[in-house]
Amino acid sequence: MTELIPKGILFGNPVKSKPEISPDGKQIAYLAPVDNVLNIWIKTIGLEDDRVITKEKYRGIITYFWAYDMKHMIYLQDTGGNENWNLYSVDLKTGGIKNLTPFPEVQVRIIKHERHFPDEILIGMNKEDRKKHDIYRLHINSGELELVAENSGNAARWLSDADLNIRAAISRKPDGVSDLLIRKNKNSPWEFLCTWDLEDSMNCKPVCFSKDGQYIYLIDSRDANAARLVKIEIATGTREIIAEDPRYDVIFTMIEPDSYEIQAVAFYKDRIEWLILDETIKDDFEAVGKLDRGDINIKRNNNDTAWIVSFSGDTNPGRHYIYDRRTKKGEFIFSEHPELNNYTLADTEPVSFTSRDGLTIHGYLTFPPEKERKNLPLVLRVHGGPWSRDIWVFTPEVQLFANRGYACLQINYRGSASYGKDFLNASNREWGGKMLDDLVDGVKWTVDRNIADPKKIAIFGRSYGGYAALTGATFAPDLFCCAVDVYGISNLITFMNTIPPYWITENKALFVKRIGDPETEEEFLKSRSPFFYVDRIKIPLLIIQGANDPRVKRSESEQIVEALKNKGIEHEYILFPDEGHSIVRPENRMKFYSAAEKFLAKHLGGRFEE
């Protein structure tokens, strides 16, 4: 029998993670724990002089980067998961740490950091009005803030040029249509460039300006199903198609750091597929592809001589290399979870099936090692978003399920990203409808093939996935034997009325068009809300919530928990007072997964760690 993988190894902090190369290519930074809290470390390449430079003692750092002045490290931190990010700088010489944006209940976003302006960062902040982010120029050394673009109240996205001037903005209209606005320079008036209607609005965005500022690159699905990379001459509006696929959207671009030319694009099919546009990097991609197994991510230094190449895959939790473009050689630097080499991990296989209304639905299936692939207990793990997708990557939850004896099915139901706008728009007004049908059809596909035991099927998900778990329990009550809802939406009306204030500017119009209008369609939203159908539930539930969640409020879980109590339905509720829309602290992850694996073992019959 496959050895039990301890939860502390699957869900504890990585030994090291998220390496970043310094602008001069001589050092690397990475995240590693200090007293079980992730902090930033730096070291000189080729030396063993690793040192920690931050002092977080409670909540680990997630987002950080080198300042181009080579004097500072920059990182974001919130309080208890509330997503009100402050921006901090670390003086690499003195060790001093400074909060550059010490404003209560204000969220900072990184807009642009450009190597030719090493002391400056463009940031977005909702300091003056919680509903909208204005753009500021932050001077790292002095801490001075300068307002450079004021949000009129409908700007959902901003883009700067190579000179760190804000020159593009997406303006969101009440009907969900988006206008792309451009200005010739930082002092010019805004001018209309193009419109993305509702059907295109989620697939399209500006990527970057050309170095001379005369062109703009877009991800654009106008006149096509899948979003393409296009280049538009701003003065004339002439559009040139640079890269496209008939079925899959362009999802990533690789931009040369000096010329601003796009050198490669990626499509996410079953796995990432890169299309090389610049022959000067073709040999480099061939060389780095031989370093390891998995999908590739690349980060570059200032003069593009050194890359950090990171590999991830179903059984690869993250291995990282430094690649020298001059010698075409790569050197291993670290694995994020080397202790997993001592255990048997489960392969994840791409699958597809046809939905009841004829759509091709893709996903992934993971089997428990060393078990016969038939009549297995199954966990349907539903991704959040919902306008995101599952990918072929190491996923600790999936490995937990497989190690404990369950098959795990992940379905990219209609609305999932990267499959073109027709597939995405097929989800409009289908929360709890055809999106749930896709999940049900996928489960029945496994049952029909004798993969899954029809009496032992669990549904498990976060955020939208938690909502899906609740809809599975209410709208497909005979299919599942138990459900795990992690900060899921129980009532679409209360959810829509309590979204973060800045989402009102950026997303409310899209939500109304794609989900429903709480002001005019109350009965429709009730019909898709599990809270109003609790009496249909026949199965036990495990419900998890972060008290500080700004996206799916605590009340979403507590109102359905109260209804479950009143109906006498078996359930367990765990509230984390120091978490938000994710479970970040390792001790909280251990508590959650201890409860989850015991819950699944009770109802699916698998193993769990005492």
# chains A, B, ... in the order shown; residues from 1 in each chain; ligands from 1
>>> residues_around(residues="Lys26 in chain A", least_positions_apart="5", cutoff="10 Å", atoms="only C-alpha atoms", output="PDB file with all heavy atoms, in the first residue's frame")
ATOM      1  N   ILE A  21      15.188  36.871  -9.466  1.00  0.00           N
ATOM      2  CA  ILE A  21      16.573  37.247  -9.759  1.00  0.00           C
ATOM      3  C   ILE A  21      16.732  38.761  -9.626  1.00  0.00           C
ATOM      4  O   ILE A  21      15.828  39.535  -9.946  1.00  0.00           O
ATOM      5  CB  ILE A  21      16.984  36.763 -11.165  1.00  0.00           C
ATOM      6  CG1 ILE A  21      18.502  36.830 -11.318  1.00  0.00           C
ATOM      7  CG2 ILE A  21      16.262  37.540 -12.265  1.00  0.00           C
ATOM      8  CD1 ILE A  21      19.033  35.963 -12.437  1.00  0.00           C
ATOM      9  N   LYS A  43      20.442  35.893  -1.378  1.00  0.00           N
ATOM     10  CA  LYS A  43      21.774  35.290  -1.402  1.00  0.00           C
ATOM     11  C   LYS A  43      22.483  35.697  -2.687  1.00  0.00           C
ATOM     12  O   LYS A  43      21.847  36.049  -3.681  1.00  0.00           O
ATOM     13  CB  LYS A  43      21.689  33.765  -1.319  1.00  0.00           C
ATOM     14  CG  LYS A  43      21.199  33.085  -2.597  1.00  0.00           C
ATOM     15  CD  LYS A  43      21.164  31.566  -2.482  1.00  0.00           C
ATOM     16  CE  LYS A  43      22.520  30.937  -2.318  1.00  0.00           C
ATOM     17  NZ  LYS A  43      23.343  30.989  -3.543  1.00  0.00           N
ATOM     18  N   THR A  44      23.815  35.618  -2.631  1.00  0.00           N
ATOM     19  CA  THR A  44      24.634  35.846  -3.809  1.00  0.00           C
ATOM     20  C   THR A  44      24.736  34.551  -4.594  1.00  0.00           C
ATOM     21  O   THR A  44      24.975  33.484  -4.007  1.00  0.00           O
ATOM     22  CB  THR A  44      26.044  36.321  -3.415  1.00  0.00           C
ATOM     23  OG1 THR A  44      25.928  37.465  -2.562  1.00  0.00           O
ATOM     24  CG2 THR A  44      26.866  36.682  -4.640  1.00  0.00           C
ATOM     25  N   ILE A  45      24.544  34.614  -5.895  1.00  0.00           N
ATOM     26  CA  ILE A  45      24.646  33.418  -6.719  1.00  0.00           C
ATOM     27  C   ILE A  45      26.070  32.863  -6.633  1.00  0.00           C
ATOM     28  O   ILE A  45      27.047  33.608  -6.799  1.00  0.00           O
ATOM     29  CB  ILE A  45      24.271  33.738  -8.174  1.00  0.00           C
ATOM     30  CG1 ILE A  45      22.790  34.134  -8.253  1.00  0.00           C
ATOM     31  CG2 ILE A  45      24.538  32.538  -9.084  1.00  0.00           C
ATOM     32  CD1 ILE A  45      22.352  34.640  -9.597  1.00  0.00           C
ATOM     33  N   GLY A  46      26.178  31.586  -6.329  1.00  0.00           N
ATOM     34  CA  GLY A  46      27.479  30.941  -6.207  1.00  0.00           C
ATOM     35  C   GLY A  46      28.046  30.938  -4.805  1.00  0.00           C
ATOM     36  O   GLY A  46      29.069  30.288  -4.553  1.00  0.00           O
ATOM     37  N   ASN A 301      16.651  38.977 -15.770  1.00  0.00           N
ATOM     38  CA  ASN A 301      17.329  40.128 -15.178  1.00  0.00           C
ATOM     39  C   ASN A 301      17.337  41.290 -16.165  1.00  0.00           C
ATOM     40  O   ASN A 301      16.822  41.198 -17.282  1.00  0.00           O
ATOM     41  CB  ASN A 301      18.741  39.753 -14.733  1.00  0.00           C
ATOM     42  CG  ASN A 301      19.702  39.578 -15.904  1.00  0.00           C
ATOM     43  OD1 ASN A 301      19.320  39.112 -16.965  1.00  0.00           O
ATOM     44  ND2 ASN A 301      20.957  39.963 -15.704  1.00  0.00           N
ATOM     45  N   ALA A 306      20.505  36.452 -17.677  1.00  0.00           N
ATOM     46  CA  ALA A 306      20.217  35.379 -16.726  1.00  0.00           C
ATOM     47  C   ALA A 306      18.717  35.247 -16.535  1.00  0.00           C
ATOM     48  O   ALA A 306      18.009  36.249 -16.394  1.00  0.00           O
ATOM     49  CB  ALA A 306      20.912  35.664 -15.391  1.00  0.00           C
TER      50      ALA A 306
END
>>> select_by_dssp(residues="range 443-566 of chain A", states="strand (DSSP E)", output="compact mmCIF listing (two decimals) with all heavy atoms, in the first residue's frame")
# COMPACT_ATOMS: atom_id res chain seq x y z
N ALA A 452 -15.87 5.46 -10.94
CA ALA A 452 -16.34 5.94 -9.64
C ALA A 452 -17.43 5.04 -9.09
O ALA A 452 -18.30 4.56 -9.82
CB ALA A 452 -16.86 7.36 -9.77
N ASP A 453 -17.39 4.83 -7.78
CA ASP A 453 -18.45 4.15 -7.05
C ASP A 453 -19.60 5.15 -6.89
O ASP A 453 -19.44 6.19 -6.24
CB ASP A 453 -17.93 3.73 -5.68
CG ASP A 453 -18.98 3.01 -4.85
OD1 ASP A 453 -20.18 3.07 -5.18
OD2 ASP A 453 -18.60 2.39 -3.82
N PRO A 454 -20.75 4.90 -7.49
CA PRO A 454 -21.84 5.89 -7.47
C PRO A 454 -22.34 6.20 -6.06
O PRO A 454 -23.01 7.23 -5.87
CB PRO A 454 -22.92 5.25 -8.33
CG PRO A 454 -22.62 3.79 -8.33
CD PRO A 454 -21.13 3.68 -8.22
N LYS A 455 -22.03 5.39 -5.08
CA LYS A 455 -22.48 5.63 -3.71
C LYS A 455 -21.46 6.40 -2.88
O LYS A 455 -21.75 6.76 -1.74
CB LYS A 455 -22.80 4.30 -3.03
CG LYS A 455 -23.95 3.54 -3.68
CD LYS A 455 -24.24 2.24 -2.95
CE LYS A 455 -25.40 1.48 -3.61
NZ LYS A 455 -25.66 0.19 -2.91
N LYS A 456 -20.28 6.64 -3.47
CA LYS A 456 -19.21 7.29 -2.71
C LYS A 456 -18.59 8.43 -3.53
O LYS A 456 -17.46 8.35 -3.99
CB LYS A 456 -18.13 6.28 -2.31
CG LYS A 456 -18.62 5.23 -1.31
CD LYS A 456 -17.49 4.31 -0.88
CE LYS A 456 -17.97 3.31 0.15
NZ LYS A 456 -16.85 2.41 0.59
N ILE A 457 -19.36 9.49 -3.71
CA ILE A 457 -18.90 10.64 -4.48
C ILE A 457 -19.07 11.90 -3.63
O ILE A 457 -20.17 12.19 -3.16
CB ILE A 457 -19.67 10.78 -5.80
CG1 ILE A 457 -19.44 9.55 -6.67
CG2 ILE A 457 -19.24 12.05 -6.54
CD1 ILE A 457 -20.32 9.49 -7.90
N ALA A 458 -17.97 12.61 -3.42
CA ALA A 458 -17.97 13.86 -2.66
C ALA A 458 -17.76 15.03 -3.61
O ALA A 458 -17.12 14.90 -4.65
CB ALA A 458 -16.86 13.83 -1.61
N ILE A 459 -18.28 16.20 -3.23
CA ILE A 459 -18.03 17.43 -3.99
C ILE A 459 -17.33 18.41 -3.04
O ILE A 459 -17.75 18.58 -1.89
CB ILE A 459 -19.33 18.01 -4.60
CG1 ILE A 459 -19.01 19.25 -5.43
CG2 ILE A 459 -20.39 18.27 -3.55
CD1 ILE A 459 -20.17 19.73 -6.29
N PHE A 460 -16.28 19.04 -3.54
CA PHE A 460 -15.36 19.82 -2.71
C PHE A 460 -14.95 21.06 -3.50
O PHE A 460 -14.56 20.95 -4.66
CB PHE A 460 -14.13 18.94 -2.41
CG PHE A 460 -13.06 19.56 -1.54
CD1 PHE A 460 -12.81 19.06 -0.28
CD2 PHE A 460 -12.26 20.60 -2.00
CE1 PHE A 460 -11.80 19.58 0.52
CE2 PHE A 460 -11.26 21.14 -1.21
CZ PHE A 460 -11.02 20.64 0.05
N GLY A 461 -15.06 22.27 -2.92
CA GLY A 461 -14.64 23.44 -3.66
C GLY A 461 -14.51 24.68 -2.81
O GLY A 461 -15.06 24.78 -1.71
N ARG A 462 -13.75 25.66 -3.37
CA ARG A 462 -13.52 26.95 -2.74
C ARG A 462 -14.22 28.06 -3.53
O ARG A 462 -14.24 28.03 -4.75
CB ARG A 462 -12.03 27.27 -2.72
CG ARG A 462 -11.22 26.57 -1.67
CD ARG A 462 -9.76 27.03 -1.81
NE ARG A 462 -8.98 26.67 -0.65
CZ ARG A 462 -8.50 25.45 -0.43
NH1 ARG A 462 -8.72 24.50 -1.30
NH2 ARG A 462 -7.81 25.19 0.66
N CYS A 482 -21.50 13.52 0.31
CA CYS A 482 -21.07 14.55 1.25
C CYS A 482 -20.53 15.73 0.45
O CYS A 482 -20.24 15.60 -0.75
CB CYS A 482 -20.03 14.03 2.24
SG CYS A 482 -18.48 13.49 1.49
N ALA A 483 -20.39 16.88 1.12
CA ALA A 483 -19.92 18.08 0.44
C ALA A 483 -19.03 18.89 1.37
O ALA A 483 -19.29 18.98 2.58
CB ALA A 483 -21.11 18.93 -0.02
N VAL A 484 -17.99 19.51 0.78
CA VAL A 484 -17.10 20.41 1.51
C VAL A 484 -17.16 21.77 0.83
O VAL A 484 -16.78 21.90 -0.34
CB VAL A 484 -15.65 19.88 1.55
CG1 VAL A 484 -14.75 20.86 2.31
CG2 VAL A 484 -15.59 18.49 2.17
N ASP A 485 -17.64 22.76 1.56
CA ASP A 485 -17.79 24.13 1.06
C ASP A 485 -16.79 25.02 1.78
O ASP A 485 -16.88 25.21 3.00
CB ASP A 485 -19.23 24.60 1.32
CG ASP A 485 -19.36 26.11 1.40
OD1 ASP A 485 -18.60 26.81 0.71
OD2 ASP A 485 -20.23 26.58 2.17
N VAL A 486 -15.84 25.59 1.02
CA VAL A 486 -14.83 26.47 1.60
C VAL A 486 -15.09 27.88 1.09
O VAL A 486 -14.99 28.14 -0.11
CB VAL A 486 -13.41 26.00 1.21
CG1 VAL A 486 -12.35 26.82 1.95
CG2 VAL A 486 -13.23 24.52 1.51
N LEU A 541 -22.41 18.09 5.53
CA LEU A 541 -21.58 19.14 4.97
C LEU A 541 -20.48 19.55 5.95
O LEU A 541 -20.71 19.60 7.16
CB LEU A 541 -22.40 20.37 4.61
CG LEU A 541 -23.38 20.26 3.44
CD1 LEU A 541 -24.75 19.83 3.91
CD2 LEU A 541 -23.47 21.59 2.71
N LEU A 542 -19.33 19.89 5.39
CA LEU A 542 -18.26 20.57 6.12
C LEU A 542 -18.13 21.96 5.51
O LEU A 542 -17.93 22.09 4.30
CB LEU A 542 -16.95 19.81 6.00
CG LEU A 542 -15.69 20.50 6.56
CD1 LEU A 542 -15.82 20.74 8.07
CD2 LEU A 542 -14.44 19.67 6.26
N ILE A 543 -18.26 23.00 6.34
CA ILE A 543 -18.24 24.38 5.86
C ILE A 543 -17.09 25.13 6.53
O ILE A 543 -16.95 25.09 7.76
CB ILE A 543 -19.59 25.08 6.13
CG1 ILE A 543 -20.70 24.36 5.33
CG2 ILE A 543 -19.53 26.55 5.75
CD1 ILE A 543 -22.09 24.89 5.59
N ILE A 544 -16.29 25.81 5.71
CA ILE A 544 -15.10 26.53 6.17
C ILE A 544 -15.23 27.99 5.78
O ILE A 544 -15.65 28.30 4.66
CB ILE A 544 -13.81 25.95 5.54
CG1 ILE A 544 -13.74 24.43 5.75
CG2 ILE A 544 -12.57 26.65 6.07
CD1 ILE A 544 -13.62 23.98 7.18
N GLN A 545 -14.84 28.90 6.68
CA GLN A 545 -14.95 30.33 6.38
C GLN A 545 -13.84 31.11 7.07
O GLN A 545 -13.45 30.79 8.19
CB GLN A 545 -16.32 30.86 6.85
CG GLN A 545 -16.56 32.33 6.59
CD GLN A 545 -16.67 32.67 5.11
OE1 GLN A 545 -17.35 31.97 4.36
NE2 GLN A 545 -16.01 33.74 4.68
N GLY A 546 -13.33 32.14 6.36
CA GLY A 546 -12.43 33.10 6.96
C GLY A 546 -13.22 34.31 7.42
O GLY A 546 -14.01 34.88 6.66
>>> residues_around(residues="Lys98 in chain A", least_positions_apart="4", cutoff="12 Å", atoms="only C-alpha atoms", output="list in words")
Thr54, Lys55, His72, Met73, Ile74, Tyr75, Leu76, Gln77, Asn86, Leu87, Tyr88, Ser89, Val90, Asp91, Leu92, Thr94, Pro102, Ile140, Asn141, Ser142 and Gly143 of chain A
>>> closest_residue(among="A:Met496, A:Leu122, A:Leu164, A:Leu510", to="Leu145 in chain A", atoms="only C-alpha atoms")
A:Leu122
>>> residues_around(residues="range 282-284 of chain A", least_positions_apart="5", cutoff="8 Å", atoms="only C-alpha atoms", output="VMD selection string")
chain A and resid 276 325 328
>>> write_last_selection(atoms="C-alpha atoms", output="JSON list (two decimals), in the first residue's frame")
[["chain", "number", "residue", "atom", "x", "y", "z"],
["A", 276, "ILE", "CA", 7.93, 31.49, -30.23],
["A", 325, "ARG", "CA", 21.85, 32.74, -21.82],
["A", 328, "LYS", "CA", 23.07, 28.06, -22.66]]
>>> closest_residue(among="A:Glu506, A:Asp578, A:Glu240, A:Asp535", to="Thr474 in chain A", atoms="only C-alpha atoms")
A:Asp535
>>> select_by_dssp(residues="range 190-274 of chain A", states="helix (DSSP H, G or I)", output="PDB file with N, CA and C atoms, in the first residue's frame")
ATOM      1  N   LEU A 198     -20.037  42.880 -24.266  1.00  0.00           N
ATOM      2  CA  LEU A 198     -20.117  41.966 -23.124  1.00  0.00           C
ATOM      3  C   LEU A 198     -19.499  40.615 -23.444  1.00  0.00           C
ATOM      4  N   GLU A 199     -19.727  40.130 -24.658  1.00  0.00           N
ATOM      5  CA  GLU A 199     -19.236  38.804 -25.041  1.00  0.00           C
ATOM      6  C   GLU A 199     -17.708  38.764 -25.102  1.00  0.00           C
ATOM      7  N   ASP A 200     -17.078  39.900 -25.362  1.00  0.00           N
ATOM      8  CA  ASP A 200     -15.619  39.956 -25.465  1.00  0.00           C
ATOM      9  C   ASP A 200     -14.942  40.454 -24.192  1.00  0.00           C
ATOM     10  N   SER A 201     -15.703  41.041 -23.303  1.00  0.00           N
ATOM     11  CA  SER A 201     -15.112  41.849 -22.231  1.00  0.00           C
ATOM     12  C   SER A 201     -14.194  41.075 -21.296  1.00  0.00           C
TER      13      SER A 201
END
>>> residues_around(residues="Asn203 in chain A", least_positions_apart="5", cutoff="12 Å", atoms="only C-alpha atoms", output="ChimeraX atom specification")
/A:178,196-198,218-222,224-229,248-251,387-388,415-425
>>> write_last_selection(atoms="C-alpha atoms", output="PDB file, in the first residue's frame")
ATOM      1  CA  SER A 178     -15.829  48.071 -22.006  1.00  0.00           C
ATOM      2  CA  TRP A 196     -15.269  45.256 -26.253  1.00  0.00           C
ATOM      3  CA  ASP A 197     -18.886  44.203 -25.923  1.00  0.00           C
ATOM      4  CA  LEU A 198     -20.117  41.966 -23.124  1.00  0.00           C
ATOM      5  CA  LEU A 218      -3.879  43.737 -27.003  1.00  0.00           C
ATOM      6  CA  ILE A 219      -5.340  40.368 -26.169  1.00  0.00           C
ATOM      7  CA  ASP A 220      -8.389  40.730 -28.377  1.00  0.00           C
ATOM      8  CA  SER A 221     -11.259  38.384 -29.311  1.00  0.00           C
ATOM      9  CA  ARG A 222     -13.174  40.762 -31.576  1.00  0.00           C
ATOM     10  CA  ALA A 224     -12.844  35.677 -33.465  1.00  0.00           C
ATOM     11  CA  ASN A 225     -13.801  33.062 -30.915  1.00  0.00           C
ATOM     12  CA  ALA A 226     -10.432  32.749 -29.180  1.00  0.00           C
ATOM     13  CA  ALA A 227      -8.534  35.810 -27.962  1.00  0.00           C
ATOM     14  CA  ARG A 228      -5.586  36.712 -30.192  1.00  0.00           C
ATOM     15  CA  LEU A 229      -2.499  38.833 -29.722  1.00  0.00           C
ATOM     16  CA  TYR A 248      -7.616  28.582 -27.239  1.00  0.00           C
ATOM     17  CA  ASP A 249      -7.002  32.096 -25.949  1.00  0.00           C
ATOM     18  CA  VAL A 250      -3.584  33.679 -25.686  1.00  0.00           C
ATOM     19  CA  ILE A 251      -3.009  33.718 -21.930  1.00  0.00           C
ATOM     20  CA  TRP A 387     -13.859  32.471 -14.814  1.00  0.00           C
ATOM     21  CA  SER A 388     -10.542  30.732 -14.204  1.00  0.00           C
ATOM     22  CA  GLY A 415     -17.234  29.598 -18.150  1.00  0.00           C
ATOM     23  CA  SER A 416     -13.722  28.330 -17.453  1.00  0.00           C
ATOM     24  CA  ALA A 417     -11.005  30.493 -18.947  1.00  0.00           C
ATOM     25  CA  SER A 418      -8.725  29.975 -21.994  1.00  0.00           C
ATOM     26  CA  TYR A 419     -11.176  27.968 -24.142  1.00  0.00           C
ATOM     27  CA  GLY A 420     -12.450  30.914 -26.198  1.00  0.00           C
ATOM     28  CA  LYS A 421     -15.293  33.347 -25.642  1.00  0.00           C
ATOM     29  CA  ASP A 422     -18.078  31.044 -26.865  1.00  0.00           C
ATOM     30  CA  PHE A 423     -17.278  28.593 -24.080  1.00  0.00           C
ATOM     31  CA  LEU A 424     -16.928  31.362 -21.510  1.00  0.00           C
ATOM     32  CA  ASN A 425     -20.181  33.063 -22.528  1.00  0.00           C
TER      33      ASN A 425
END
>>> residues_around(residues="Glu556 in chain A", least_positions_apart="5", cutoff="10 Å", atoms="only C-alpha atoms", output="list of chain:residue names")
A:Tyr467, A:Tyr487, A:Gly488, A:Ile489, A:Ser490, A:Asn491, A:Leu492, A:Thr494, A:Phe495, A:Thr498, A:Phe531, A:Gln545, A:Val561
>>> write_last_selection(atoms="N, CA and C atoms", output="tab-separated table (two decimals), in the first residue's frame")
chain	number	residue	atom	x	y	z
A	467	TYR	N	-19.63	27.40	-3.63
A	467	TYR	CA	-21.01	27.57	-4.10
A	467	TYR	C	-21.45	26.33	-4.87
A	487	TYR	N	-15.45	28.79	1.99
A	487	TYR	CA	-15.88	30.16	1.71
A	487	TYR	C	-16.68	30.27	0.42
A	488	GLY	N	-17.76	29.50	0.39
A	488	GLY	CA	-18.64	29.48	-0.77
A	488	GLY	C	-19.83	30.40	-0.60
A	489	ILE	N	-20.43	30.77	-1.72
A	489	ILE	CA	-21.60	31.66	-1.74
A	489	ILE	C	-22.85	30.82	-1.51
A	490	SER	N	-23.68	31.23	-0.57
A	490	SER	CA	-24.92	30.49	-0.32
A	490	SER	C	-26.14	31.20	-0.90
A	491	ASN	N	-26.07	32.53	-1.02
A	491	ASN	CA	-27.21	33.33	-1.45
A	491	ASN	C	-26.69	34.37	-2.44
A	492	LEU	N	-27.07	34.25	-3.71
A	492	LEU	CA	-26.54	35.15	-4.73
A	492	LEU	C	-27.00	36.59	-4.51
A	494	THR	N	-27.49	38.19	-1.44
A	494	THR	CA	-26.65	38.80	-0.41
A	494	THR	C	-25.21	38.91	-0.88
A	495	PHE	N	-24.74	37.95	-1.67
A	495	PHE	CA	-23.39	38.05	-2.22
A	495	PHE	C	-23.24	39.29	-3.09
A	498	THR	N	-23.00	42.59	-1.20
A	498	THR	CA	-21.93	42.79	-0.22
A	498	THR	C	-20.54	42.65	-0.83
A	531	PHE	N	-29.17	28.58	-0.37
A	531	PHE	CA	-29.76	28.96	0.92
A	531	PHE	C	-31.27	28.74	0.95
A	545	GLN	N	-14.84	28.90	6.68
A	545	GLN	CA	-14.95	30.33	6.38
A	545	GLN	C	-13.84	31.11	7.07
A	561	VAL	N	-25.36	27.91	7.61
A	561	VAL	CA	-25.13	27.09	8.80
A	561	VAL	C	-26.32	27.18	9.74
>>> residues_around(residues="Glu191 in chain A", least_positions_apart="4", cutoff="6 Å", atoms="only C-alpha atoms", output="short mmCIF file (atom, residue, chain, number, x, y, z; two decimals) with C-alpha atoms, in the first residue's frame")
data_model
loop_
_atom_site.label_atom_id
_atom_site.label_comp_id
_atom_site.auth_asym_id
_atom_site.auth_seq_id
_atom_site.Cartn_x
_atom_site.Cartn_y
_atom_site.Cartn_z
CA LEU A 181 -9.28 54.69 -23.90
CA ILE A 182 -5.87 56.01 -24.98
CA ARG A 183 -4.02 59.27 -24.61
#
>>> closest_residue(among="A:Gly237, A:Gly124, A:Gly466, A:Pro350", to="His362 in chain A", atoms="only C-alpha atoms")
A:Pro350
>>> closest_residue(among="A:Glu430, A:Asp295, A:Asp258, A:Glu597", to="Val398 in chain A", atoms="only C-alpha atoms")
A:Glu597
>>> atom_distance(atom1="CA of Phe480 in chain A", atom2="CA of Gly568 in chain A")
18.6 Å
>>> atom_distance(atom1="CA of Asn302 in chain A", atom2="CA of Tyr64 in chain A")
17.1 Å
>>> closest_residue(among="A:Gly8, A:Leu604, A:Ser352, A:Glu3", to="Pro586 in chain A", atoms="only C-alpha atoms")
A:Gly8
>>> closest_residue(among="A:Phe11, A:Tyr321, A:Phe332, A:Trp85", to="Leu100 in chain A", atoms="only C-alpha atoms")
A:Trp85
